[in-house]
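Listing of entry-v1.txt, compact mmCIF, C-alpha atoms
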```txt
# COMPACT_ATOMS: atom_id res chain seq x y z
CA MET M 48 0.00 0.00 0.00
CA LEU M 49 1.86 3.05 -1.28
CA ILE M 50 -0.77 5.41 0.14
CA GLU M 51 0.62 4.74 3.63
CA PHE M 52 3.87 6.39 2.60
CA ILE M 53 2.28 9.80 1.95
CA PRO M 54 2.70 10.90 5.61
CA VAL M 55 6.36 9.87 5.34
CA LEU M 56 6.76 12.13 2.32
CA VAL M 57 5.02 14.97 4.15
CA LEU M 58 7.35 14.58 7.13
CA PHE M 59 10.34 14.43 4.77
CA ALA M 60 9.33 17.71 3.12
CA LEU M 61 8.86 19.35 6.51
CA ALA M 62 12.18 18.10 7.91
CA THR M 63 14.05 19.18 4.78
CA ALA M 64 12.42 22.63 4.95
CA ILE M 65 13.53 23.04 8.57
CA ALA M 66 17.09 21.94 7.79
CA VAL M 67 17.34 24.29 4.80
CA ILE M 68 15.94 27.25 6.77
CA ALA M 69 18.38 26.56 9.60
CA LEU M 70 21.28 26.48 7.12
CA VAL M 71 20.28 29.64 5.22
CA LEU M 72 19.19 31.85 8.13
CA PRO M 73 22.61 32.51 9.78
CA ALA M 74 23.91 33.97 6.51
CA PHE M 75 21.57 36.94 7.09
CA LEU M 76 21.73 37.12 10.88
CA GLY M 77 25.39 36.73 11.76
CA PRO M 78 28.20 39.27 11.39
CA ARG M 79 30.54 39.05 8.39
CA ARG M 80 34.18 39.74 9.13
CA PRO M 81 36.11 37.11 7.23
CA SER M 82 39.86 36.90 7.62
CA ARG M 83 42.50 34.56 6.29
CA ALA M 84 43.25 33.01 9.71
CA LYS M 85 39.56 32.38 10.42
CA ILE M 86 38.93 30.24 7.38
CA GLU M 87 42.17 28.28 7.65
CA THR M 88 41.88 24.55 8.42
CA TYR M 89 42.09 23.89 12.17
CA GLU M 90 45.13 21.92 13.18
CA SER M 91 45.54 22.62 16.90
CA GLY M 92 46.99 26.08 16.26
CA LYS M 93 49.85 24.93 14.03
CA LEU M 94 50.06 25.85 10.38
CA PRO M 95 48.18 23.12 8.49
CA TYR M 96 50.30 21.07 6.14
CA GLY M 97 49.30 18.88 3.22
CA ASP M 98 45.86 17.58 2.36
CA ALA M 99 43.67 15.74 4.85
CA ARG M 100 42.63 13.19 2.24
CA TYR M 101 45.72 11.08 2.62
CA LYS M 102 46.00 7.31 2.91
CA VAL M 103 43.91 5.92 5.78
CA PRO M 104 44.42 2.61 7.64
CA ILE M 105 43.03 -0.40 5.78
CA GLY M 106 41.04 -1.46 8.85
CA TYR M 107 38.18 0.90 8.05
CA TYR M 108 37.89 -0.51 4.55
CA LYS M 109 37.85 -4.08 5.87
CA ILE M 110 35.06 -3.20 8.29
CA ALA M 111 33.02 -1.68 5.46
CA LEU M 112 33.46 -4.79 3.31
CA LEU M 113 32.56 -7.12 6.19
CA PHE M 114 29.51 -5.00 6.90
CA VAL M 115 28.26 -5.34 3.33
CA ILE M 116 28.61 -9.14 3.50
CA PHE M 117 27.08 -9.68 6.93
CA ASP M 118 24.37 -7.05 6.64
CA LEU M 119 23.12 -8.66 3.47
CA GLU M 120 22.93 -11.96 5.30
CA VAL M 121 21.14 -10.47 8.30
CA ILE M 122 18.59 -8.93 5.89
CA PHE M 123 17.85 -12.45 4.59
CA PHE M 124 16.77 -13.36 8.12
CA TYR M 125 14.03 -10.69 8.24
CA PRO M 126 11.40 -12.22 5.92
CA TRP M 127 12.19 -15.62 7.39
CA ALA M 128 11.59 -14.41 10.96
CA VAL M 129 8.24 -12.85 9.98
CA VAL M 130 6.83 -16.06 8.44
CA LEU M 131 8.56 -18.48 10.84
CA ARG M 132 5.27 -19.54 12.44
CA GLN M 133 3.97 -20.75 9.09
CA LEU M 134 7.19 -22.51 8.13
CA HIS M 135 7.63 -24.40 11.41
CA VAL M 136 10.41 -26.97 11.52
CA PHE M 137 11.05 -26.78 7.76
CA GLY M 138 11.99 -23.09 8.06
CA LEU M 139 14.12 -23.81 11.09
CA ILE M 140 16.18 -26.48 9.27
CA GLU M 141 16.53 -24.32 6.16
CA MET M 142 17.80 -21.38 8.18
CA GLY M 143 19.99 -23.70 10.25
CA ILE M 144 21.84 -24.69 7.05
CA PHE M 145 22.14 -21.03 6.04
CA THR M 146 23.44 -20.05 9.48
CA ALA M 147 25.94 -22.92 9.44
CA LEU M 148 27.37 -21.58 6.17
CA LEU M 149 27.44 -18.10 7.67
CA VAL M 150 29.28 -19.37 10.74
CA VAL M 151 31.92 -21.08 8.54
CA GLY M 152 32.62 -17.74 6.86
CA TYR M 153 32.59 -15.98 10.21
CA VAL M 154 35.12 -18.38 11.79
CA TYR M 155 37.34 -18.12 8.69
CA GLU M 156 37.23 -14.32 8.93
CA TRP M 157 38.09 -14.41 12.62
CA LYS M 158 41.04 -16.82 12.12
CA LYS M 159 42.34 -14.72 9.21
CA GLY M 160 42.36 -11.69 11.52
CA GLY M 161 39.63 -9.85 9.64
CA PHE M 162 38.24 -8.35 12.83
CA GLU M 163 41.55 -6.78 13.92
CA MET M 164 41.97 -3.06 13.28
CA GLU M 165 45.41 -3.30 11.69
CA MET N 294 -9.55 9.46 0.02
CA ASP N 295 -10.02 13.20 0.06
CA TRP N 296 -7.27 15.74 0.51
CA ILE N 297 -8.08 16.45 4.19
CA ALA N 298 -7.44 12.89 5.31
CA GLY N 299 -4.67 12.39 2.77
CA LEU N 300 -2.61 15.54 3.14
CA LEU N 301 -3.90 18.02 5.70
CA ILE N 302 -4.07 15.66 8.68
CA PRO N 303 -0.62 14.13 8.03
CA PHE N 304 0.77 17.65 7.59
CA VAL N 305 -0.64 18.91 10.88
CA LYS N 306 0.47 15.75 12.69
CA ALA N 307 3.96 15.99 11.17
CA LEU N 308 4.17 19.66 12.18
CA VAL N 309 3.19 18.87 15.78
CA LEU N 310 5.66 15.98 15.80
CA VAL N 311 8.55 18.10 14.51
CA VAL N 312 7.81 20.93 16.96
CA LEU N 313 7.66 18.43 19.83
CA LEU N 314 10.91 16.79 18.74
CA LEU N 315 12.76 20.10 18.44
CA THR N 316 11.50 21.21 21.85
CA GLY N 317 12.44 17.79 23.15
CA PHE N 318 15.93 18.20 21.71
CA ALA N 319 16.36 21.63 23.31
CA TYR N 320 15.23 20.49 26.73
CA LEU N 321 17.02 17.15 26.50
CA SER N 322 20.29 19.07 26.20
CA TYR N 323 19.30 21.02 29.32
CA VAL N 324 18.25 17.88 31.22
CA GLU N 325 21.47 16.11 30.28
CA ARG N 326 23.68 18.99 31.40
CA LYS N 327 21.74 19.30 34.63
CA LEU N 328 21.81 15.55 35.33
CA VAL N 329 25.50 15.10 34.51
CA ALA N 330 26.21 18.09 36.73
CA ARG N 331 24.32 16.42 39.58
CA PHE N 332 26.23 13.18 39.04
CA HIS N 333 29.43 15.24 39.30
CA VAL N 334 28.13 17.13 42.38
CA ARG N 335 27.94 20.44 40.46
CA TYR N 336 25.01 22.78 39.86
CA GLY N 337 24.87 22.76 36.08
CA PRO N 338 23.26 25.62 34.13
CA ASN N 339 21.39 27.85 36.59
CA ARG N 340 21.81 31.43 35.31
CA ALA N 341 19.32 31.85 32.46
CA GLY N 342 15.84 31.97 33.98
CA PRO N 343 14.60 30.00 37.01
CA PHE N 344 16.74 26.86 37.50
CA GLY N 345 18.45 27.72 34.19
CA LEU N 346 15.30 26.69 32.34
CA LEU N 347 15.85 29.29 29.59
CA GLN N 348 19.35 27.97 28.85
CA PRO N 349 18.35 26.08 25.64
CA ILE N 350 16.77 29.24 24.23
CA ALA N 351 19.87 31.28 25.06
CA ASP N 352 22.05 28.61 23.40
CA GLY N 353 19.85 28.50 20.33
CA LEU N 354 19.89 32.28 19.86
CA LYS N 355 23.64 32.37 20.33
CA MET N 356 24.12 29.68 17.65
CA LEU N 357 21.80 31.55 15.28
CA PHE N 358 23.71 34.84 15.47
CA LYS N 359 27.19 33.37 14.99
CA GLU N 360 29.30 34.34 12.02
CA GLU N 361 29.13 31.82 9.20
CA ILE N 362 32.57 30.39 8.56
CA ILE N 363 33.36 27.93 5.76
CA PRO N 364 36.95 26.64 5.85
CA ARG N 365 39.06 27.58 2.83
CA HIS N 366 39.83 24.00 1.78
CA ALA N 367 36.36 22.61 2.43
CA ASP N 368 34.16 21.13 -0.27
CA LYS N 369 31.42 23.77 0.06
CA LEU N 370 28.39 21.89 -1.25
CA PHE N 371 28.88 18.75 0.86
CA TYR N 372 30.10 20.79 3.81
CA LEU N 373 26.75 22.61 3.88
CA MET N 374 24.65 19.53 3.07
CA ALA N 375 26.11 17.25 5.73
CA PRO N 376 24.28 18.64 8.80
CA ALA N 377 20.97 18.44 6.93
CA ILE N 378 21.65 14.82 5.95
CA VAL N 379 22.15 14.01 9.64
CA VAL N 380 19.02 15.79 10.88
CA VAL N 381 16.46 14.76 8.25
CA PRO N 382 16.72 10.95 8.73
CA ALA N 383 16.73 11.40 12.52
CA LEU N 384 13.36 13.16 12.24
CA LEU N 385 12.02 10.78 9.59
CA VAL N 386 12.20 7.70 11.83
CA TRP N 387 9.46 9.18 13.98
CA ALA N 388 6.92 8.68 11.18
CA VAL N 389 6.39 5.07 12.25
CA ILE N 390 6.77 5.23 16.04
CA PRO N 391 3.35 4.61 17.62
CA ILE N 392 2.93 6.76 20.73
CA SER N 393 -0.49 5.49 21.75
CA ASN N 394 -3.42 3.47 20.43
CA PHE N 395 -5.65 6.28 21.64
CA SER N 396 -7.53 8.06 18.86
CA PHE N 397 -10.20 10.72 18.75
CA ARG N 398 -12.58 12.05 16.10
CA ILE N 399 -12.64 15.60 14.88
CA PHE N 400 -15.20 16.56 12.18
CA GLY N 401 -15.58 12.87 11.39
CA TYR N 402 -11.87 12.29 10.75
CA GLU N 403 -10.04 9.87 12.99
CA ILE N 404 -6.83 11.24 14.52
CA THR N 405 -4.37 8.59 15.69
CA PHE N 406 -1.23 9.10 17.73
CA TYR N 407 1.16 7.93 15.04
CA LEU N 408 1.87 9.39 11.64
CA THR N 409 1.51 6.13 9.71
CA ASP N 410 1.46 2.39 10.37
CA LEU N 411 3.70 0.83 7.72
CA ASN N 412 3.65 -2.93 7.32
CA ILE N 413 7.45 -2.74 7.08
CA GLY N 414 7.71 -0.30 10.00
CA LEU N 415 10.69 -1.81 11.79
CA LEU N 416 12.71 -2.27 8.59
CA TYR N 417 11.91 1.32 7.64
CA ALA N 418 13.06 2.62 11.03
CA LEU N 419 16.35 0.70 10.82
CA ALA N 420 17.04 1.73 7.22
CA VAL N 421 16.25 5.41 7.68
CA ALA N 422 18.16 5.71 10.95
CA GLU N 423 21.21 4.30 9.17
CA LEU N 424 21.08 7.07 6.53
CA GLY N 425 22.53 9.52 9.05
CA THR N 426 25.90 7.83 8.53
CA TYR N 427 26.11 9.52 5.12
CA GLY N 428 25.88 12.94 6.74
CA ILE N 429 28.64 12.12 9.18
CA ILE N 430 31.06 10.73 6.61
CA LEU N 431 30.32 13.61 4.18
CA GLY N 432 30.81 16.14 6.98
CA GLY N 433 34.18 14.68 7.91
CA TRP N 434 35.32 14.29 4.33
CA SER N 435 34.26 17.71 3.07
CA SER N 436 35.86 19.61 5.99
CA ASN N 437 39.28 18.56 4.67
CA ASN N 438 40.59 18.42 8.22
CA LYS N 439 42.65 15.49 9.47
CA TYR N 440 40.81 15.21 12.78
CA ALA N 441 37.44 15.46 11.07
CA LEU N 442 38.26 12.79 8.49
CA LEU N 443 39.54 10.35 11.11
CA GLY N 444 36.53 11.04 13.31
CA ALA N 445 34.16 10.45 10.41
CA LEU N 446 35.88 7.19 9.47
CA ARG N 447 35.65 5.96 13.03
CA THR N 448 32.02 6.97 13.37
CA SER N 449 30.95 5.34 10.15
CA SER N 450 32.73 2.06 10.86
CA GLN N 451 31.31 2.06 14.39
CA MET N 452 27.77 2.72 13.20
CA LEU N 453 28.04 0.11 10.44
CA SER N 454 29.40 -2.54 12.78
CA TYR N 455 26.89 -2.01 15.55
CA SER N 456 23.90 -2.07 13.24
CA LEU N 457 24.54 -5.81 12.74
CA PRO N 458 24.04 -6.97 16.36
CA MET N 459 21.14 -4.51 16.59
CA GLY N 460 19.56 -6.23 13.61
CA THR N 461 19.92 -9.64 15.24
CA ALA N 462 18.44 -8.36 18.52
CA LEU N 463 15.38 -7.13 16.64
CA LEU N 464 15.11 -10.39 14.68
CA SER N 465 14.20 -12.32 17.81
CA ILE N 466 11.26 -9.93 18.37
CA LEU N 467 10.14 -10.46 14.78
CA ALA N 468 10.24 -14.22 15.21
CA VAL N 469 7.97 -13.93 18.26
CA VAL N 470 5.49 -11.41 16.77
CA GLY N 471 5.54 -12.40 13.10
CA SER N 472 5.02 -8.83 11.87
CA LEU N 473 7.20 -5.83 11.05
CA SER N 474 4.48 -3.31 11.90
CA LEU N 475 5.34 -1.45 15.11
CA VAL N 476 1.67 -1.22 16.08
CA ASP N 477 1.38 -5.02 15.85
CA ILE N 478 4.55 -5.42 17.90
CA VAL N 479 3.19 -3.22 20.71
CA ASN N 480 -0.21 -4.96 20.58
CA ALA N 481 1.55 -8.32 21.02
CA GLN N 482 2.99 -7.07 24.32
CA ARG N 483 -0.38 -6.52 25.94
CA GLY N 484 0.08 -9.40 28.36
CA LEU N 485 3.83 -9.60 28.73
CA TRP N 486 6.50 -7.06 27.80
CA PHE N 487 9.19 -8.43 25.53
CA ILE N 488 11.94 -7.41 27.94
CA PHE N 489 10.86 -10.43 30.01
CA LEU N 490 10.78 -12.76 26.98
CA GLN N 491 13.98 -11.35 25.45
CA PRO N 492 16.21 -10.01 28.24
CA LEU N 493 19.32 -10.76 26.17
CA GLY N 494 17.77 -9.06 23.15
CA PHE N 495 17.06 -5.93 25.19
CA LEU N 496 20.62 -5.84 26.52
CA ILE N 497 22.08 -6.17 23.02
CA TYR N 498 19.67 -3.54 21.72
CA PHE N 499 20.56 -1.09 24.48
CA ILE N 500 24.33 -1.50 24.02
CA THR N 501 24.13 -1.20 20.23
CA GLY N 502 21.74 1.73 20.65
CA LEU N 503 24.41 3.57 22.66
CA ALA N 504 26.95 2.89 19.90
CA GLU N 505 24.57 3.83 17.08
CA THR N 506 23.82 7.22 18.63
CA ASN N 507 27.53 7.75 19.43
CA ARG N 508 26.85 8.01 23.13
CA SER N 509 29.35 7.40 25.89
CA PRO N 510 31.03 4.92 26.52
CA PHE N 511 31.06 4.56 22.71
CA ASP N 512 31.47 8.26 21.87
CA LEU N 513 34.63 7.56 19.88
CA PRO N 514 33.63 10.03 17.12
CA GLU N 515 34.25 12.96 19.42
CA THR N 516 37.13 11.84 21.58
CA GLU N 517 38.20 15.36 22.47
CA ASN N 518 41.54 14.25 23.88
CA GLU N 519 42.75 12.77 20.59
CA LEU N 520 40.52 14.07 17.79
CA VAL N 521 39.54 17.57 19.06
CA ALA N 522 35.84 17.13 18.18
CA GLY N 523 35.85 14.40 15.54
CA PHE N 524 33.74 15.07 12.47
CA VAL N 525 32.33 18.38 13.84
CA THR N 526 35.78 19.99 14.26
CA GLU N 527 35.29 22.47 11.40
CA TYR N 528 31.63 23.17 12.09
CA GLY N 529 30.32 26.12 14.05
CA GLY N 530 27.13 28.00 14.76
CA ILE N 531 23.86 26.52 13.59
CA LYS N 532 25.56 23.76 11.56
CA PHE N 533 27.18 22.50 14.75
CA ALA N 534 23.77 22.69 16.45
CA LEU N 535 22.22 20.64 13.62
CA PHE N 536 24.72 17.81 14.20
CA TYR N 537 23.84 17.85 17.88
CA MET N 538 20.16 17.99 17.05
CA GLY N 539 20.68 14.80 15.02
CA GLU N 540 22.47 13.12 17.91
CA TYR N 541 19.88 14.04 20.53
CA ILE N 542 16.92 13.16 18.35
CA SER N 543 18.58 9.80 17.61
CA MET N 544 18.92 9.32 21.34
CA MET N 545 15.18 9.93 21.76
CA THR N 546 14.49 7.62 18.81
CA THR N 547 16.56 4.84 20.35
CA SER N 548 14.68 5.24 23.63
CA ALA N 549 11.32 5.36 21.87
CA LEU N 550 12.14 2.22 19.88
CA ALA N 551 13.33 0.46 23.05
CA THR N 552 9.98 1.39 24.63
CA THR N 553 8.03 0.20 21.59
CA LEU N 554 9.90 -3.06 21.09
CA PHE N 555 10.77 -4.19 24.60
CA LEU N 556 8.97 -2.15 27.25
CA GLY N 557 5.41 -2.62 26.05
CA GLY N 558 4.90 0.75 24.32
CA TRP N 559 1.72 2.37 25.60
CA TRP N 560 0.60 -0.58 27.76
CA GLY N 561 0.34 -0.08 31.50
CA PRO N 562 -2.22 -0.26 34.30
CA PHE N 563 -5.76 1.02 33.41
CA VAL N 564 -4.95 1.63 29.72
CA ASP N 565 -7.90 -0.54 28.69
CA GLU N 566 -10.33 1.66 30.62
CA LEU N 567 -8.68 4.97 29.78
CA PRO N 568 -6.64 4.73 26.54
CA ILE N 569 -5.33 8.30 26.84
CA LEU N 570 -3.14 7.11 29.73
CA GLY N 571 -1.06 5.30 27.08
CA ILE N 572 0.59 8.57 26.02
CA PHE N 573 1.68 9.15 29.59
CA TYR N 574 3.09 5.60 29.93
CA PHE N 575 4.95 5.91 26.63
CA VAL N 576 6.60 9.20 27.63
CA LEU N 577 7.38 7.82 31.08
CA LYS N 578 9.11 4.68 29.74
CA MET N 579 10.96 6.67 27.09
CA SER N 580 12.22 9.14 29.70
CA ALA N 581 13.39 6.25 31.85
CA VAL N 582 15.52 4.90 28.98
CA VAL N 583 16.87 8.40 28.23
CA PHE N 584 17.78 8.77 31.90
CA LEU N 585 19.57 5.41 31.77
CA ILE N 586 21.60 6.56 28.73
CA ILE N 587 22.65 9.76 30.53
CA TRP N 588 23.45 7.78 33.67
CA VAL N 589 25.72 5.48 31.65
CA ARG N 590 27.47 8.52 30.20
CA ALA N 591 28.14 9.97 33.63
CA SER N 592 29.41 6.67 35.02
CA LEU N 593 31.51 4.82 32.44
CA PRO N 594 34.86 5.75 30.86
CA ARG N 595 35.30 5.65 27.10
CA VAL N 596 36.53 2.42 25.46
CA ARG N 597 39.44 2.17 23.04
CA PHE N 598 38.63 1.94 19.32
CA ASP N 599 39.98 -1.59 18.72
CA GLN N 600 38.19 -2.79 21.89
CA LEU N 601 34.99 -1.27 20.53
CA MET N 602 35.31 -3.10 17.21
CA GLY N 603 36.40 -6.38 18.80
CA PHE N 604 33.49 -6.27 21.26
CA CYS N 605 31.03 -5.84 18.42
CA TRP N 606 32.37 -8.44 15.97
CA LYS N 607 33.68 -11.08 18.34
CA PHE N 608 31.09 -10.92 21.12
CA LEU N 609 27.85 -9.09 20.32
CA LEU N 610 27.33 -10.48 16.81
CA PRO N 611 27.68 -14.20 17.75
CA LEU N 612 25.61 -13.56 20.89
CA GLY N 613 22.87 -11.95 18.81
CA LEU N 614 22.84 -14.80 16.28
CA PHE N 615 22.72 -17.33 19.12
CA ASN N 616 19.77 -15.47 20.64
CA VAL N 617 17.95 -15.52 17.30
CA MET N 618 18.52 -19.24 16.77
CA VAL N 619 17.33 -20.14 20.28
CA THR N 620 14.24 -17.95 19.91
CA ALA N 621 13.54 -19.37 16.45
CA THR N 622 13.83 -22.95 17.72
CA VAL N 623 11.35 -22.27 20.52
CA VAL N 624 8.93 -20.46 18.18
CA ALA N 625 9.15 -23.09 15.41
CA LEU N 626 8.72 -26.08 17.73
CA TRP N 627 6.21 -24.77 20.25
CA GLY N 628 4.92 -21.50 18.71
```

Using structure tokens, write down the structure that the file contains.
Amino acid sequence: MLIEFIPVLVLFALATAIAVIALVLPAFLGPRRPSRAKIETYESGKLPYGDARYKVPIGYYKIALLFVIFDLEVIFFYPWAVVLRQLHVFGLIEMGIFTALLVVGYVYEWKKGGFEME
Amino acid sequence: MDWIAGLLIPFVKALVLVVLLLTGFAYLSYVERKLVARFHVRYGPNRAGPFGLLQPIADGLKMLFKEEIIPRHADKLFYLMAPAIVVVPALLVWAVIPISNFSFRIFGYEITFYLTDLNIGLLYALAVAELGTYGIILGGWSSNNKYALLGALRTSSQMLSYSLPMGTALLSILAVVGSLSLVDIVNAQRGLWFIFLQPLGFLIYFITGLAETNRSPFDLPETENELVAGFVTEYGGIKFALFYMGEYISMMTTSALATTLFLGGWWGPFVDELPILGIFYFVLKMSAVVFLIIWVRASLPRVRFDQLMGFCWKFLLPLGLFNVMVTATVVALWG
């Protein structure tokens, strides 16, 4: 039923309007005395050097990849959990096999050190 | 379906909801400062108005009249968009949260105490709440500041990781109820609150909720002693306030969802006779969870980043999956 989503759209429009107003308003209200030092990147009072977008540790990338894999698998559980009462033992065994496969991947990832932030 | 029921009523309800949430945000910041001060044996804000009650208004006006500063190296478009991308999803989640089953009629139109009852309510809430991550990573990236970028990376990986155990904690509820609609979930708790059926699920939900809203002891994004202020380092004035608005509204959302999913929503004594009491019970339970979150912040030290990640992936995720499988076995065999 798409009609149920109309209130969501209305709320979205309202929230966006508030955010935009809040972002535009200070441009008219606040003082305007720009100076070179004010708009310089903050680096604890030292002169900033180089670009911030430098190489970052690989750990963050690993986490993102793992998230994509595991989140997809957790999403598969949702429809199953909703209709579990109709599926009974059949659904339980099916999901047991799926979870077993998931656990194999999980253990492999753990042993390979995928969860370490190195 | 005429335009009054289709557009006008949702618009008025959404307006009331947004005004309530913004007021809630303002006074939540006051309540938190006051409570943390009491935990520290201090007074907290007490200058603006009686008991410092006008403090949020003073803060808001101050933020509004600040000079607008955009850092020289920042990516202007994303720098300006980021606070909005944090705030809008935080507000949007409230479309599906049912406050009470109480409804009244005005000119023949039924007014309920929730904006809409989606049949995928819980999935919607999870998905929309997760969208705030985009705002945080864009804010950190566009500032072109080393602290901000590191803070944003940390925040996004923390929020991504902790949404997995949270998903598993909610799965066990779904298996018991058999519906994603939040109204159905609350109705199923009429006899027994799910916190008694799923104590482990509630614990996992609460811990992951703290991490998702970047609250202490998981407030790694803004570790002031190593990252200055994390992803908000280059933000000031109203844009800074918008990030905080997002955080505080998420905190209220987490508490409201905890109430809806585990603490029986609007159910309480005498609700059957007097349904309007449900609003009171909902607010009471939600405030209790908010108080608990602030209490945790005042009591626990911050964890280290690798501990945070290890705790999530090596402990919470297997625990959550175990909880789901046990629940599913019970439901499938005896449900």

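Of the residues under consideration (N:Pro562, N:Gly444, N:Gly345, N:Gly494), N:Gly494 shows the shortest atom-to-atom contact distance to Ile466 of chain N when counting all atoms listed in the file.
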
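Nearest-residue note for chain N: choosing from M:Glu120, M:Ala128, M:Ser82, M:Val150, the minimum distance belongs to M:Ala128, counting all atoms listed in the file.
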
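Between atom CA of Leu520 of chain N and atom CA of Tyr89 of chain M lies a distance of 11.4 Å.
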
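Counting all atoms listed in the file, segment 326-328 of chain N has the following residues at most 9 Å away, ignoring those fewer than 5 positions along the same chain: Leu321, His333, Arg335, Tyr336, Gly337, Pro338, Asn339, Phe584, Ile587, Trp588 and Ala591 of chain N.
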
Now that the selection is made, can you save its residues with C-alpha atoms as a compact mmCIF listing (two decimals), in the frame of the given file?
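Below is the file that was written, part_14.txt:
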```
# COMPACT_ATOMS: atom_id res chain seq x y z
CA LEU N 321 17.02 17.15 26.50
CA HIS N 333 29.43 15.24 39.30
CA ARG N 335 27.94 20.44 40.46
CA TYR N 336 25.01 22.78 39.86
CA GLY N 337 24.87 22.76 36.08
CA PRO N 338 23.26 25.62 34.13
CA ASN N 339 21.39 27.85 36.59
CA PHE N 584 17.78 8.77 31.90
CA ILE N 587 22.65 9.76 30.53
CA TRP N 588 23.45 7.78 33.67
CA ALA N 591 28.14 9.97 33.63
```

Show me, as lines of an AutoDock Vina configuration file, the centre and edge lengths in Å to one decimal of the axis-aligned box that covers every listed atom of segment 120-125 of chain M with 5 Å on each side.
```
center_x = 18.5
center_y = -11.1
center_z = 6.4
size_x = 18.9
size_y = 14.4
size_z = 13.7
```

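Atom CA of Leu314 of chain N lies 19.9 Å from atom CA of Ala420 of chain N.
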
Residue hits in chain M, query chain N, radius 8 Å, all atoms listed in the file, as number ranges by chain
M: 51-55, 57-59, 61-63, 66-67, 69-70, 72-74, 76-81, 85-90, 98-100, 107, 110-111, 114, 117-118, 121, 124-125, 128-132, 134-136, 138-139, 157, 162-164
